[in-house]
file protein.tsv (TSV, C-alpha atoms)
chain	number	residue	atom	x	y	z
C	234	MET	CA	-188.17	-18.29	-27.32
C	235	LYS	CA	-185.61	-19.87	-25.02
C	236	GLY	CA	-182.44	-21.79	-25.59
C	237	PRO	CA	-178.89	-22.45	-24.40
C	238	ARG	CA	-177.14	-19.43	-22.99
C	239	GLY	CA	-173.56	-18.51	-22.15
C	240	ARG	CA	-172.06	-19.17	-18.73
C	241	ASP	CA	-173.06	-15.73	-17.56
C	242	GLY	CA	-176.66	-16.16	-18.71
C	243	ARG	CA	-176.33	-14.03	-21.84
C	244	VAL	CA	-177.68	-15.06	-25.21
C	245	THR	CA	-174.61	-15.63	-27.40
C	246	ILE	CA	-174.00	-15.84	-31.13
C	247	ARG	CA	-173.86	-19.62	-30.69
C	248	THR	CA	-177.37	-19.53	-29.20
C	249	VAL	CA	-178.68	-17.56	-32.19
C	250	ALA	CA	-176.88	-19.90	-34.63
C	251	GLU	CA	-178.46	-22.99	-33.05
C	252	HIS	CA	-181.97	-21.53	-33.30
C	253	ALA	CA	-181.43	-20.28	-36.85
C	254	GLY	CA	-179.84	-23.52	-38.05
C	255	ARG	CA	-176.90	-21.55	-39.44
C	256	SER	CA	-173.17	-21.51	-38.87
C	257	ILE	CA	-171.70	-19.18	-36.29
C	258	SER	CA	-169.76	-17.36	-39.03
C	259	THR	CA	-172.94	-16.72	-41.02
C	260	VAL	CA	-174.78	-15.44	-37.96
C	261	SER	CA	-171.82	-13.24	-37.00
C	262	ALA	CA	-171.68	-11.75	-40.49
C	263	ALA	CA	-175.42	-11.08	-40.46
C	264	LEU	CA	-175.38	-9.42	-37.06
C	265	ASN	CA	-172.37	-7.28	-37.94
C	266	GLY	CA	-173.80	-6.17	-41.29
C	267	SER	CA	-171.01	-7.82	-43.26
C	268	ASP	CA	-171.32	-8.69	-46.95
C	269	GLY	CA	-171.91	-12.24	-48.20
C	270	VAL	CA	-175.23	-12.93	-46.46
C	271	ALA	CA	-178.45	-13.04	-48.48
C	272	GLY	CA	-181.03	-10.45	-47.53
C	273	LYS	CA	-183.70	-13.00	-46.60
C	274	THR	CA	-181.22	-14.96	-44.46
C	275	ARG	CA	-180.04	-11.80	-42.73
C	276	GLN	CA	-183.60	-10.74	-41.86
C	277	GLU	CA	-184.40	-14.18	-40.47
C	278	ILE	CA	-181.26	-14.17	-38.29
C	279	LEU	CA	-181.99	-10.66	-37.03
C	280	ARG	CA	-185.56	-11.69	-36.18
C	281	ILE	CA	-184.41	-14.72	-34.20
C	282	ALA	CA	-181.73	-12.68	-32.42
C	283	ALA	CA	-184.31	-10.08	-31.38
C	284	GLU	CA	-186.71	-12.74	-30.10
C	285	LEU	CA	-183.94	-14.34	-28.06
C	286	GLY	CA	-182.91	-10.99	-26.62
C	287	TYR	CA	-179.41	-11.11	-28.10
C	288	GLN	CA	-177.20	-8.10	-27.36
C	289	ALA	CA	-173.80	-7.60	-28.91
C	290	ASP	CA	-170.79	-7.47	-26.60
C	291	PRO	CA	-169.19	-4.09	-27.44
C	292	ARG	CA	-165.88	-5.11	-25.90
C	293	ALA	CA	-165.68	-8.22	-28.09
C	294	GLN	CA	-166.49	-6.08	-31.11
C	295	PHE	CA	-163.65	-3.70	-30.23
C	296	LEU	CA	-161.21	-6.59	-29.85
C	297	ARG	CA	-162.06	-7.92	-33.31
C	298	ARG	CA	-160.92	-4.67	-34.89
C	299	SER	CA	-157.34	-3.89	-35.82
C	300	HIS	CA	-157.83	-0.76	-33.69
C	301	THR	CA	-159.66	-1.75	-30.55
C	302	GLY	CA	-160.80	1.72	-29.50
C	303	LEU	CA	-160.38	0.63	-25.90
C	304	ILE	CA	-159.36	3.08	-23.19
C	305	GLY	CA	-157.75	1.77	-20.02
C	306	ALA	CA	-158.14	3.35	-16.59
C	307	SER	CA	-155.99	2.69	-13.53
C	308	PHE	CA	-157.35	3.54	-10.08
C	309	ALA	CA	-157.05	2.53	-6.44
C	310	ILE	CA	-159.67	0.64	-4.45
C	311	GLY	CA	-160.82	2.36	-1.28
C	312	GLN	CA	-161.14	5.98	-2.40
C	313	ALA	CA	-164.76	6.92	-3.12
C	314	TYR	CA	-163.71	9.98	-5.12
C	315	GLN	CA	-161.79	7.80	-7.57
C	316	GLY	CA	-164.97	5.76	-7.98
C	317	LEU	CA	-166.81	8.94	-9.00
C	318	VAL	CA	-164.14	9.67	-11.60
C	319	VAL	CA	-164.36	6.11	-12.96
C	320	ASP	CA	-168.13	6.49	-13.33
C	321	GLY	CA	-167.49	9.69	-15.28
C	322	LEU	CA	-164.94	7.91	-17.47
C	323	TYR	CA	-167.50	5.27	-18.38
C	324	GLN	CA	-170.02	7.93	-19.37
C	325	ALA	CA	-167.54	9.99	-21.39
C	326	ALA	CA	-165.96	7.00	-23.15
C	327	SER	CA	-169.35	5.56	-24.09
C	328	ALA	CA	-170.64	8.91	-25.36
C	329	LEU	CA	-167.58	9.19	-27.59
C	330	GLY	CA	-167.85	5.65	-28.95
C	331	HIS	CA	-165.09	3.96	-26.95
C	332	GLY	CA	-164.93	1.09	-24.50
C	333	LEU	CA	-163.37	1.33	-21.04
C	334	VAL	CA	-161.27	-1.34	-19.33
C	335	LEU	CA	-160.38	-0.99	-15.64
C	336	ALA	CA	-157.30	-2.00	-13.67
C	337	THR	CA	-157.37	-1.62	-9.90
C	338	SER	CA	-154.47	-1.30	-7.51
C	339	THR	CA	-154.78	-2.80	-4.04
C	340	PRO	CA	-152.41	-3.34	-1.09
C	341	HIS	CA	-151.34	-6.57	-2.82
C	342	ARG	CA	-151.45	-5.44	-6.46
C	343	ASP	CA	-149.52	-2.37	-7.51
C	344	VAL	CA	-150.24	0.08	-10.30
C	345	ALA	CA	-147.63	-1.44	-12.63
C	346	ASP	CA	-149.36	-4.84	-12.50
C	347	GLY	CA	-152.63	-3.23	-13.51
C	348	LEU	CA	-151.01	-1.33	-16.35
C	349	ARG	CA	-149.54	-4.53	-17.76
C	350	SER	CA	-153.01	-6.06	-17.79
C	351	LEU	CA	-154.40	-3.05	-19.67
C	352	LEU	CA	-151.73	-3.40	-22.33
C	353	LEU	CA	-152.56	-7.09	-22.69
C	354	GLU	CA	-156.19	-6.06	-23.23
C	355	ARG	CA	-154.94	-4.00	-26.20
C	356	CYS	CA	-155.95	-0.65	-24.74
C	357	GLU	CA	-154.88	2.12	-27.10
C	358	GLY	CA	-154.59	4.76	-24.39
C	359	ILE	CA	-154.54	4.80	-20.59
C	360	ILE	CA	-155.83	7.21	-17.94
C	361	LEU	CA	-154.15	7.03	-14.53
C	362	ILE	CA	-156.02	8.40	-11.51
C	363	ASP	CA	-153.66	9.58	-8.75
C	364	PRO	CA	-151.18	6.77	-9.54
C	365	ASP	CA	-148.65	5.62	-6.97
C	366	ILE	CA	-146.01	4.73	-9.54
C	367	SER	CA	-142.34	5.46	-10.14
C	368	VAL	CA	-141.24	7.81	-12.89
C	369	ASP	CA	-139.35	4.98	-14.59
C	370	ALA	CA	-142.41	2.73	-14.66
C	371	LEU	CA	-144.56	5.57	-15.95
C	372	ALA	CA	-141.97	6.41	-18.62
C	373	HIS	CA	-142.05	2.79	-19.79
C	374	LEU	CA	-145.82	3.01	-20.18
C	375	VAL	CA	-145.78	6.33	-22.01
C	376	ASP	CA	-143.24	4.92	-24.47
C	377	ARG	CA	-145.76	2.22	-25.41
C	378	THR	CA	-149.12	4.01	-25.41
C	379	PRO	CA	-150.61	7.50	-24.92
C	380	ALA	CA	-151.32	8.29	-21.28
C	381	VAL	CA	-153.10	11.03	-19.33
C	382	LEU	CA	-152.81	11.69	-15.59
C	383	ILE	CA	-155.64	12.80	-13.31
C	384	GLY	CA	-154.71	14.50	-10.05
C	385	SER	CA	-150.95	14.01	-10.11
C	386	SER	CA	-147.92	15.58	-11.76
C	387	THR	CA	-144.90	14.10	-13.48
C	388	GLU	CA	-141.56	15.30	-14.76
C	389	LEU	CA	-142.03	13.25	-17.91
C	390	SER	CA	-142.22	15.18	-21.15
C	391	ASP	CA	-145.24	15.44	-23.42
C	392	VAL	CA	-147.89	14.15	-20.99
C	393	ASP	CA	-151.29	15.71	-20.33
C	394	GLU	CA	-152.48	16.29	-16.75
C	395	ILE	CA	-155.96	17.08	-15.40
C	396	HIS	CA	-156.17	18.65	-11.95
C	397	SER	CA	-158.83	20.14	-9.76
C	398	ARG	CA	-158.04	23.73	-8.71
C	399	ASP	CA	-156.81	22.97	-5.19
C	400	ASP	CA	-155.75	26.58	-4.83
C	401	VAL	CA	-159.38	27.62	-5.30
C	402	GLY	CA	-160.80	24.80	-3.18
C	403	ILE	CA	-158.56	25.34	-0.16
C	404	GLN	CA	-159.03	29.10	-0.35
C	405	LEU	CA	-162.82	28.63	-0.34
C	406	LEU	CA	-162.59	26.51	2.81
C	407	VAL	CA	-160.30	28.91	4.66
C	408	ASP	CA	-162.40	31.92	3.63
C	409	HIS	CA	-165.53	30.19	4.90
C	410	LEU	CA	-163.98	29.20	8.23
C	411	VAL	CA	-162.65	32.72	8.82
C	412	ASP	CA	-166.04	34.17	7.89
C	413	THR	CA	-167.65	32.00	10.57
C	414	GLY	CA	-165.31	33.38	13.23
C	415	ARG	CA	-162.53	30.77	13.24
C	416	ARG	CA	-158.92	31.88	13.03
C	417	HIS	CA	-157.08	28.97	14.68
C	418	ILE	CA	-157.31	26.44	11.86
C	419	THR	CA	-155.29	23.22	11.67
C	420	HIS	CA	-154.77	21.26	8.49
C	421	VAL	CA	-154.75	17.46	8.78
C	422	ASP	CA	-152.52	16.53	5.85
C	423	GLY	CA	-152.78	13.61	3.43
C	424	GLY	CA	-149.64	11.75	4.38
C	425	ARG	CA	-148.35	9.88	1.31
C	426	GLU	CA	-151.38	10.69	-0.85
C	427	THR	CA	-150.64	12.23	-4.23
C	428	ALA	CA	-152.15	15.67	-3.64
C	429	ALA	CA	-151.03	16.01	0.01
C	430	ARG	CA	-148.03	18.27	-0.51
C	431	ARG	CA	-149.94	20.48	-2.92
C	432	ARG	CA	-152.81	21.02	-0.47
C	433	VAL	CA	-150.45	21.80	2.40
C	434	LYS	CA	-148.89	24.51	0.25
C	435	ARG	CA	-152.29	25.92	-0.74
C	436	PHE	CA	-153.39	25.93	2.92
C	437	GLY	CA	-150.40	28.06	3.90
C	438	GLN	CA	-151.09	30.49	1.06
C	439	ALA	CA	-154.79	30.75	1.96
C	440	MET	CA	-153.98	31.48	5.60
C	441	GLU	CA	-151.47	34.15	4.62
C	442	ARG	CA	-154.14	35.96	2.61
C	443	HIS	CA	-156.02	36.46	5.88
C	444	GLY	CA	-152.92	37.57	7.75
C	445	LEU	CA	-152.75	34.23	9.56
C	446	GLY	CA	-149.53	32.95	8.03
C	447	GLY	CA	-147.74	33.00	11.37
C	448	GLY	CA	-150.25	30.59	12.85
C	449	VAL	CA	-150.23	27.94	10.12
C	450	ARG	CA	-150.34	24.50	11.68
C	451	VAL	CA	-150.25	21.15	9.88
C	452	VAL	CA	-150.53	17.77	11.62
C	453	PRO	CA	-149.93	14.28	10.17
C	454	GLY	CA	-152.91	12.56	8.65
C	455	GLY	CA	-153.70	10.50	5.55
C	456	GLY	CA	-156.36	9.60	3.06
C	457	GLY	CA	-158.48	7.28	5.21
C	458	GLU	CA	-160.86	7.40	8.15
C	459	ASP	CA	-158.33	5.89	10.54
C	460	SER	CA	-155.85	8.66	9.74
C	461	GLY	CA	-158.40	11.36	10.53
C	462	ALA	CA	-159.45	9.66	13.76
C	463	MET	CA	-155.82	9.32	14.89
C	464	ALA	CA	-155.10	12.98	14.16
C	465	ALA	CA	-158.14	14.09	16.16
C	466	ARG	CA	-157.20	11.78	19.04
C	467	ARG	CA	-153.68	13.20	19.24
C	468	LEU	CA	-154.97	16.77	19.27
C	469	ILE	CA	-157.39	15.94	22.08
C	470	GLU	CA	-154.72	14.14	24.11
C	471	THR	CA	-152.28	17.04	23.83
C	472	GLY	CA	-154.96	19.61	24.62
C	473	GLU	CA	-154.26	21.41	21.34
C	474	LEU	CA	-157.64	21.34	19.63
C	475	PRO	CA	-158.00	24.28	17.23
C	476	GLU	CA	-161.19	26.08	16.32
C	477	ALA	CA	-161.37	24.20	13.03
C	478	LEU	CA	-159.90	21.15	11.30
C	479	LEU	CA	-159.40	21.39	7.56
C	480	CYS	CA	-158.89	17.75	6.57
C	481	PHE	CA	-157.08	16.44	3.50
C	482	ASN	CA	-160.14	14.67	2.11
C	483	ASP	CA	-163.64	13.53	3.07
C	484	HIS	CA	-162.54	10.12	4.34
C	485	CYS	CA	-160.05	11.78	6.69
C	486	ALA	CA	-162.67	14.29	7.79
C	487	VAL	CA	-165.28	11.61	8.54
C	488	GLY	CA	-162.76	9.77	10.73
C	489	ALA	CA	-161.87	12.96	12.60
C	490	LEU	CA	-165.53	13.89	13.02
C	491	MET	CA	-166.48	10.51	14.50
C	492	GLU	CA	-163.53	10.52	16.90
C	493	LEU	CA	-164.32	14.03	18.11
C	494	ARG	CA	-167.91	13.05	18.79
C	495	ARG	CA	-166.84	9.82	20.49
C	496	GLN	CA	-164.73	11.81	22.93
C	497	GLY	CA	-167.44	14.34	23.67
C	498	VAL	CA	-166.10	17.20	21.58
C	499	ARG	CA	-168.99	19.17	20.07
C	500	VAL	CA	-168.96	19.78	16.32
C	501	PRO	CA	-169.27	22.55	15.25
C	502	GLN	CA	-169.61	24.34	18.61
C	503	ASP	CA	-166.14	23.39	19.89
C	504	VAL	CA	-164.42	22.47	16.62
C	505	ALA	CA	-165.52	22.91	13.02
C	506	VAL	CA	-164.58	20.16	10.55
C	507	THR	CA	-164.23	20.29	6.77
C	508	GLY	CA	-163.40	17.70	4.15
C	509	TYR	CA	-162.42	17.77	0.50
C	510	ASP	CA	-163.71	15.90	-2.62
C	511	GLY	CA	-167.50	15.97	-2.20
C	512	ILE	CA	-168.18	12.22	-2.04
C	513	PRO	CA	-171.89	11.32	-1.58
C	514	VAL	CA	-171.62	10.09	2.01
C	515	THR	CA	-170.76	13.60	3.21
C	516	ALA	CA	-174.35	14.66	2.54
C	517	ALA	CA	-175.77	12.02	4.91
C	518	SER	CA	-177.46	13.49	7.96
C	519	ALA	CA	-175.09	11.55	10.24
C	520	PHE	CA	-172.20	13.64	8.89
C	521	SER	CA	-173.57	16.73	7.11
C	522	LEU	CA	-169.96	17.61	6.33
C	523	THR	CA	-168.84	20.88	4.81
C	524	THR	CA	-166.56	20.04	1.90
C	525	VAL	CA	-165.20	21.10	-1.46
C	526	ARG	CA	-166.85	19.22	-4.29
C	527	GLN	CA	-164.60	18.34	-7.18
C	528	ASP	CA	-166.42	18.02	-10.51
C	529	ALA	CA	-165.53	14.37	-11.10
C	530	GLY	CA	-167.70	14.09	-14.22
C	531	LEU	CA	-166.08	17.09	-15.93
C	532	ILE	CA	-162.59	15.96	-14.89
C	533	ALA	CA	-163.30	12.55	-16.41
C	534	GLU	CA	-164.63	14.06	-19.64
C	535	VAL	CA	-161.56	16.26	-20.04
C	536	ALA	CA	-159.31	13.25	-19.44
C	537	VAL	CA	-161.06	11.16	-22.07
C	538	ARG	CA	-161.04	13.95	-24.64
C	539	ALA	CA	-157.37	14.75	-24.00
C	540	LEU	CA	-156.49	11.08	-24.38
C	541	LEU	CA	-158.47	10.71	-27.61
C	542	ALA	CA	-156.63	13.69	-29.05
C	543	ARG	CA	-153.38	11.83	-28.32
C	544	MET	CA	-154.70	8.51	-29.63
C	545	HIS	CA	-155.85	10.09	-32.91
C	546	PRO	CA	-153.53	13.08	-33.51
C	547	ASP	CA	-154.22	13.13	-37.25
C	548	GLN	CA	-157.99	13.40	-36.88
C	549	ASP	CA	-159.52	16.86	-36.74
C	550	GLY	CA	-162.69	15.79	-34.94
C	551	GLN	CA	-164.80	16.89	-32.01
C	552	ASP	CA	-163.82	14.05	-29.68
C	553	GLY	CA	-160.65	15.76	-28.47
C	554	ARG	CA	-162.23	19.18	-27.98
C	555	ILE	CA	-161.91	20.30	-24.36
C	556	PRO	CA	-164.99	22.03	-22.82
C	557	ALA	CA	-164.65	25.80	-22.98
C	558	GLU	CA	-165.05	26.28	-19.21
C	559	VAL	CA	-161.86	24.32	-18.47
C	560	ALA	CA	-158.64	26.32	-18.48
C	561	GLY	CA	-155.65	24.77	-20.20
C	562	GLU	CA	-152.01	25.73	-20.36
C	563	ASN	CA	-148.83	24.30	-21.78
C	564	ARG	CA	-146.68	22.23	-19.46
C	565	ARG	CA	-143.03	23.18	-19.22
C	566	LEU	CA	-141.96	19.77	-20.52
C	567	GLY	CA	-144.61	19.54	-23.21
C	568	GLY	CA	-148.22	18.42	-23.17
C	569	ARG	CA	-151.09	20.28	-21.56
C	570	LEU	CA	-152.31	20.93	-18.03
C	571	TYR	CA	-156.06	21.29	-17.59
C	572	ARG	CA	-157.50	22.60	-14.32
C	573	VAL	CA	-161.15	22.22	-13.29
C	574	VAL	CA	-162.67	24.62	-10.73
C	575	PRO	CA	-164.37	23.00	-7.67
C	576	ASP	CA	-167.11	24.50	-5.51
C	577	LEU	CA	-167.80	24.86	-1.80
C	578	VAL	CA	-170.61	22.89	-0.15
C	579	ILE	CA	-171.53	24.31	3.27
C	580	ARG	CA	-173.19	21.99	5.78
C	581	ASP	CA	-173.66	21.61	9.55
C	582	THR	CA	-170.07	20.85	10.59
C	583	THR	CA	-169.06	24.49	10.12
C	584	ALA	CA	-172.09	26.35	11.44
C	585	ARG	CA	-171.12	29.76	12.80
C	586	ALA	CA	-169.47	29.69	16.18
C	587	ALA	CA	-171.71	31.02	18.96
call {"tool": "encode", "arguments": {"input": "protein.tsv", "output": "structure tokens"}}
result
Amino acid sequence: MKGPRGRDGRVTIRTVAEHAGRSISTVSAALNGSDGVAGKTRQEILRIAAELGYQADPRAQFLRRSHTGLIGASFAIGQAYQGLVVDGLYQAASALGHGLVLATSTPHRDVADGLRSLLLERCEGIILIDPDISVDALAHLVDRTPAVLIGSSTELSDVDEIHSRDDVGIQLLVDHLVDTGRRHITHVDGGRETAARRRVKRFGQAMERHGLGGGVRVVPGGGGEDSGAMAARRLIETGELPEALLCFNDHCAVGALMELRRQGVRVPQDVAVTGYDGIPVTAASAFSLTTVRQDAGLIAEVAVRALLARMHPDQDGQDGRIPAEVAGENRRLGGRLYRVVPDLVIRDTTARAA
């Protein structure tokens, strides 16, 4: 059975109504299980809808309710790790019966613009992934709707945060590099990226645990491939290549790796290279990059559950229950801090020095 479809090719309620010879309101009531539709009429409408391949739009259903059940998520284009978290948010929100609406920030659209669009979509809670946003703008949001932060910290009161254990991740990388015979390790930092300062601090602490605190070296970098390539180029030009580069994230590490190879520096024989995040491209044979893999799916699940607990504080349900393997503690200003443990993935870029 074929008939008129919506602009996007979907079978709509209007399509079903035309085939059934009924009003749109009657068809809508039948499909939604509402009262006021005779049993025989309902069965006929359901049969026609099935034959046409009609599928309800869950987002439209949410918007028709007084409580939409929609969760908003703000993230930046260009970071593959954030894409992994967003995928996890979709899975967690769907499993817990909620819809997810996305707002992206770009070089020409800031986080605040995206947040305004989420509020217009009637999102009842918002998850922000590493947001580049002022405290005042964030405070304005939190005053209007529950919010949870992934990967960043705030001085605002009564906000939940979900972090990966950077202290564990950086320590794993430094331990591994030292175990493979490297002691002169340089950290390529994350520039203005949210977690940059935190990882620099953790790098210094990890080096000190091996008695290498006096040789801690950090060079400017960033969160993209160009930043990693530029850092590697400067080190080559100054003749100050270390035995290993511990890069802020995988994008930075890939850029550094390609620049080293372009200039004839052997990896890992001359310089070992590590990343951070565990994005899929690092496993490709062209890179085979040693990295720390953050559990994006678990981080996303914790964020959704923490937000649902804030959205429905009077409900004593399972939706807001945080997985037992995730440690939580009270924040000084109120709210909770949840920290998810990452793991080390060893690949070719850190093979033992000859």
call {"tool": "closest_residue", "arguments": {"input": "protein.tsv", "among": "C:Ile362, C:Ile281, C:Ile555, C:Ala429", "to": "Leu317 in chain C", "atoms": "all atoms listed in the file"}}
result
C:Ile362
call {"tool": "residues_around", "arguments": {"input": "protein.tsv", "residues": "range 252-269 of chain C", "least_positions_apart": "4", "cutoff": "8 Å", "atoms": "all atoms listed in the file", "output": "list in words"}}
result
Gly236, Ile246, Arg247, Thr248, Arg275, Glu277, Ile278, Leu279 and Ile281 of chain C
call {"tool": "residues_around", "arguments": {"input": "protein.tsv", "residues": "Leu490 in chain C", "least_positions_apart": "6", "cutoff": "8 Å", "atoms": "only C-alpha atoms", "output": "mmCIF file with C-alpha atoms, keeping the file's coordinate frame"}}
result
data_model
loop_
_atom_site.group_PDB
_atom_site.id
_atom_site.type_symbol
_atom_site.label_atom_id
_atom_site.label_comp_id
_atom_site.auth_asym_id
_atom_site.auth_seq_id
_atom_site.Cartn_x
_atom_site.Cartn_y
_atom_site.Cartn_z
ATOM 1 C CA GLY C 461 -158.400 11.360 10.530
ATOM 2 C CA ALA C 462 -159.450 9.660 13.760
ATOM 3 C CA VAL C 500 -168.960 19.780 16.320
ATOM 4 C CA VAL C 506 -164.580 20.160 10.550
ATOM 5 C CA PHE C 520 -172.200 13.640 8.890
#
call {"tool": "residues_near_point", "arguments": {"input": "protein.tsv", "point": "(-165.4, 3.6, -10.2)", "cutoff": "12 Å", "atoms": "all atoms listed in the file", "output": "list in words"}}
result
Ala306, Ser307, Phe308, Ala309, Ile310, Gly311, Gln312, Ala313, Tyr314, Gln315, Gly316, Leu317, Val318, Val319, Asp320, Gly321, Leu322, Tyr323, Gln324, Leu333, Val334, Leu335, Ala336, Thr337, Ile362, Ala529, Gly530 and Ala533 of chain C
call {"tool": "closest_residue", "arguments": {"input": "protein.tsv", "among": "C:Arg377, C:Arg435, C:Arg565, C:His443", "to": "His409 in chain C", "atoms": "all atoms listed in the file"}}
result
C:His443
call {"tool": "atom_distance", "arguments": {"input": "protein.tsv", "atom1": "CA of Thr427 in chain C", "atom2": "CA of Val525 in chain C"}}
result
17.3 Å
call {"tool": "residues_around", "arguments": {"input": "protein.tsv", "residues": "Val559 in chain C", "least_positions_apart": "5", "cutoff": "10 Å", "atoms": "all atoms listed in the file", "output": "JSON, numbers by chain"}}
result
{"C": [395, 531, 532, 535, 571, 572, 573, 574]}
call {"tool": "atom_distance", "arguments": {"input": "protein.tsv", "atom1": "CA of Arg494 in chain C", "atom2": "CA of Gly402 in chain C"}}
result
25.9 Å
call {"tool": "atom_distance", "arguments": {"input": "protein.tsv", "atom1": "CA of His484 in chain C", "atom2": "CA of Glu388 in chain C"}}
result
28.8 Å
call {"tool": "residues_near_point", "arguments": {"input": "protein.tsv", "point": "(-164.6, 18.3, -26.9)", "cutoff": "10 Å", "atoms": "only C-alpha atoms", "output": "ChimeraX atom specification"}}
result
/C:329,534-535,537-539,541-542,550-557
call {"tool": "residues_around", "arguments": {"input": "protein.tsv", "residues": "Arg499 in chain C", "least_positions_apart": "3", "cutoff": "12 Å", "atoms": "all atoms listed in the file", "output": "PyMOL selection string"}}
result
chain C and resi 474+476-477+490-496+502-506+581-584+586
call {"tool": "axis_aligned_box", "arguments": {"input": "protein.tsv", "around": "range 366-379 of chain C", "padding_each_side": "3 Å", "output": "JSON"}}
result
{"center_x": -145.0, "center_y": 5.0, "center_z": -17.5, "size_x": 17.3, "size_y": 11.6, "size_z": 21.9}
call {"tool": "closest_residue", "arguments": {"input": "protein.tsv", "among": "C:Asp346, C:Asp376, C:Asp528, C:Asp393", "to": "Ile360 in chain C", "atoms": "all atoms listed in the file"}}
result
C:Asp393
call {"tool": "residues_around", "arguments": {"input": "protein.tsv", "residues": "Asp576 in chain C", "least_positions_apart": "3", "cutoff": "10 Å", "atoms": "all atoms listed in the file", "output": "JSON, numbers by chain"}}
result
{"C": [398, 401, 402, 405, 406, 510, 511, 524, 525, 526, 527, 528, 579]}
call {"tool": "build_atoms", "arguments": {"input": "protein.tsv", "residues": "range 313-330 of chain C", "atoms": "N, CA and C atoms", "output": "PDB file, in the coordinates of the input"}}
result
ATOM      1  N   ALA C 313    -163.457   6.713  -2.487  1.00  0.00           N
ATOM      2  CA  ALA C 313    -164.760   6.920  -3.120  1.00  0.00           C
ATOM      3  C   ALA C 313    -164.686   7.960  -4.237  1.00  0.00           C
ATOM      4  N   TYR C 314    -163.812   8.963  -4.075  1.00  0.00           N
ATOM      5  CA  TYR C 314    -163.710   9.980  -5.120  1.00  0.00           C
ATOM      6  C   TYR C 314    -163.222   9.366  -6.423  1.00  0.00           C
ATOM      7  N   GLN C 315    -162.266   8.446  -6.352  1.00  0.00           N
ATOM      8  CA  GLN C 315    -161.790   7.800  -7.570  1.00  0.00           C
ATOM      9  C   GLN C 315    -162.920   7.016  -8.239  1.00  0.00           C
ATOM     10  N   GLY C 316    -163.812   6.444  -7.416  1.00  0.00           N
ATOM     11  CA  GLY C 316    -164.970   5.760  -7.980  1.00  0.00           C
ATOM     12  C   GLY C 316    -165.864   6.705  -8.764  1.00  0.00           C
ATOM     13  N   LEU C 317    -166.028   7.942  -8.274  1.00  0.00           N
ATOM     14  CA  LEU C 317    -166.810   8.940  -9.000  1.00  0.00           C
ATOM     15  C   LEU C 317    -166.167   9.273 -10.339  1.00  0.00           C
ATOM     16  N   VAL C 318    -164.843   9.380 -10.344  1.00  0.00           N
ATOM     17  CA  VAL C 318    -164.140   9.670 -11.600  1.00  0.00           C
ATOM     18  C   VAL C 318    -164.305   8.518 -12.576  1.00  0.00           C
ATOM     19  N   VAL C 319    -164.194   7.283 -12.090  1.00  0.00           N
ATOM     20  CA  VAL C 319    -164.360   6.110 -12.960  1.00  0.00           C
ATOM     21  C   VAL C 319    -165.752   6.102 -13.581  1.00  0.00           C
ATOM     22  N   ASP C 320    -166.774   6.418 -12.788  1.00  0.00           N
ATOM     23  CA  ASP C 320    -168.130   6.490 -13.330  1.00  0.00           C
ATOM     24  C   ASP C 320    -168.201   7.528 -14.448  1.00  0.00           C
ATOM     25  N   GLY C 321    -167.537   8.665 -14.240  1.00  0.00           N
ATOM     26  CA  GLY C 321    -167.490   9.690 -15.280  1.00  0.00           C
ATOM     27  C   GLY C 321    -166.746   9.225 -16.514  1.00  0.00           C
ATOM     28  N   LEU C 322    -165.689   8.443 -16.320  1.00  0.00           N
ATOM     29  CA  LEU C 322    -164.940   7.910 -17.470  1.00  0.00           C
ATOM     30  C   LEU C 322    -165.807   6.986 -18.306  1.00  0.00           C
ATOM     31  N   TYR C 323    -166.588   6.141 -17.646  1.00  0.00           N
ATOM     32  CA  TYR C 323    -167.500   5.270 -18.380  1.00  0.00           C
ATOM     33  C   TYR C 323    -168.458   6.084 -19.239  1.00  0.00           C
ATOM     34  N   GLN C 324    -169.048   7.115 -18.635  1.00  0.00           N
ATOM     35  CA  GLN C 324    -170.020   7.930 -19.370  1.00  0.00           C
ATOM     36  C   GLN C 324    -169.366   8.638 -20.554  1.00  0.00           C
ATOM     37  N   ALA C 325    -168.205   9.234 -20.323  1.00  0.00           N
ATOM     38  CA  ALA C 325    -167.540   9.990 -21.390  1.00  0.00           C
ATOM     39  C   ALA C 325    -167.060   9.065 -22.502  1.00  0.00           C
ATOM     40  N   ALA C 326    -166.460   7.939 -22.133  1.00  0.00           N
ATOM     41  CA  ALA C 326    -165.960   7.000 -23.150  1.00  0.00           C
ATOM     42  C   ALA C 326    -167.103   6.468 -24.001  1.00  0.00           C
ATOM     43  N   SER C 327    -168.196   6.090 -23.354  1.00  0.00           N
ATOM     44  CA  SER C 327    -169.350   5.560 -24.090  1.00  0.00           C
ATOM     45  C   SER C 327    -169.933   6.612 -25.024  1.00  0.00           C
ATOM     46  N   ALA C 328    -170.069   7.842 -24.537  1.00  0.00           N
ATOM     47  CA  ALA C 328    -170.640   8.910 -25.360  1.00  0.00           C
ATOM     48  C   ALA C 328    -169.789   9.192 -26.588  1.00  0.00           C
ATOM     49  N   LEU C 329    -168.500   8.925 -26.485  1.00  0.00           N
ATOM     50  CA  LEU C 329    -167.580   9.190 -27.590  1.00  0.00           C
ATOM     51  C   LEU C 329    -167.230   7.929 -28.366  1.00  0.00           C
ATOM     52  N   GLY C 330    -167.991   6.852 -28.140  1.00  0.00           N
ATOM     53  CA  GLY C 330    -167.850   5.650 -28.950  1.00  0.00           C
ATOM     54  C   GLY C 330    -166.670   4.765 -28.607  1.00  0.00           C
TER      55      GLY C 330
END
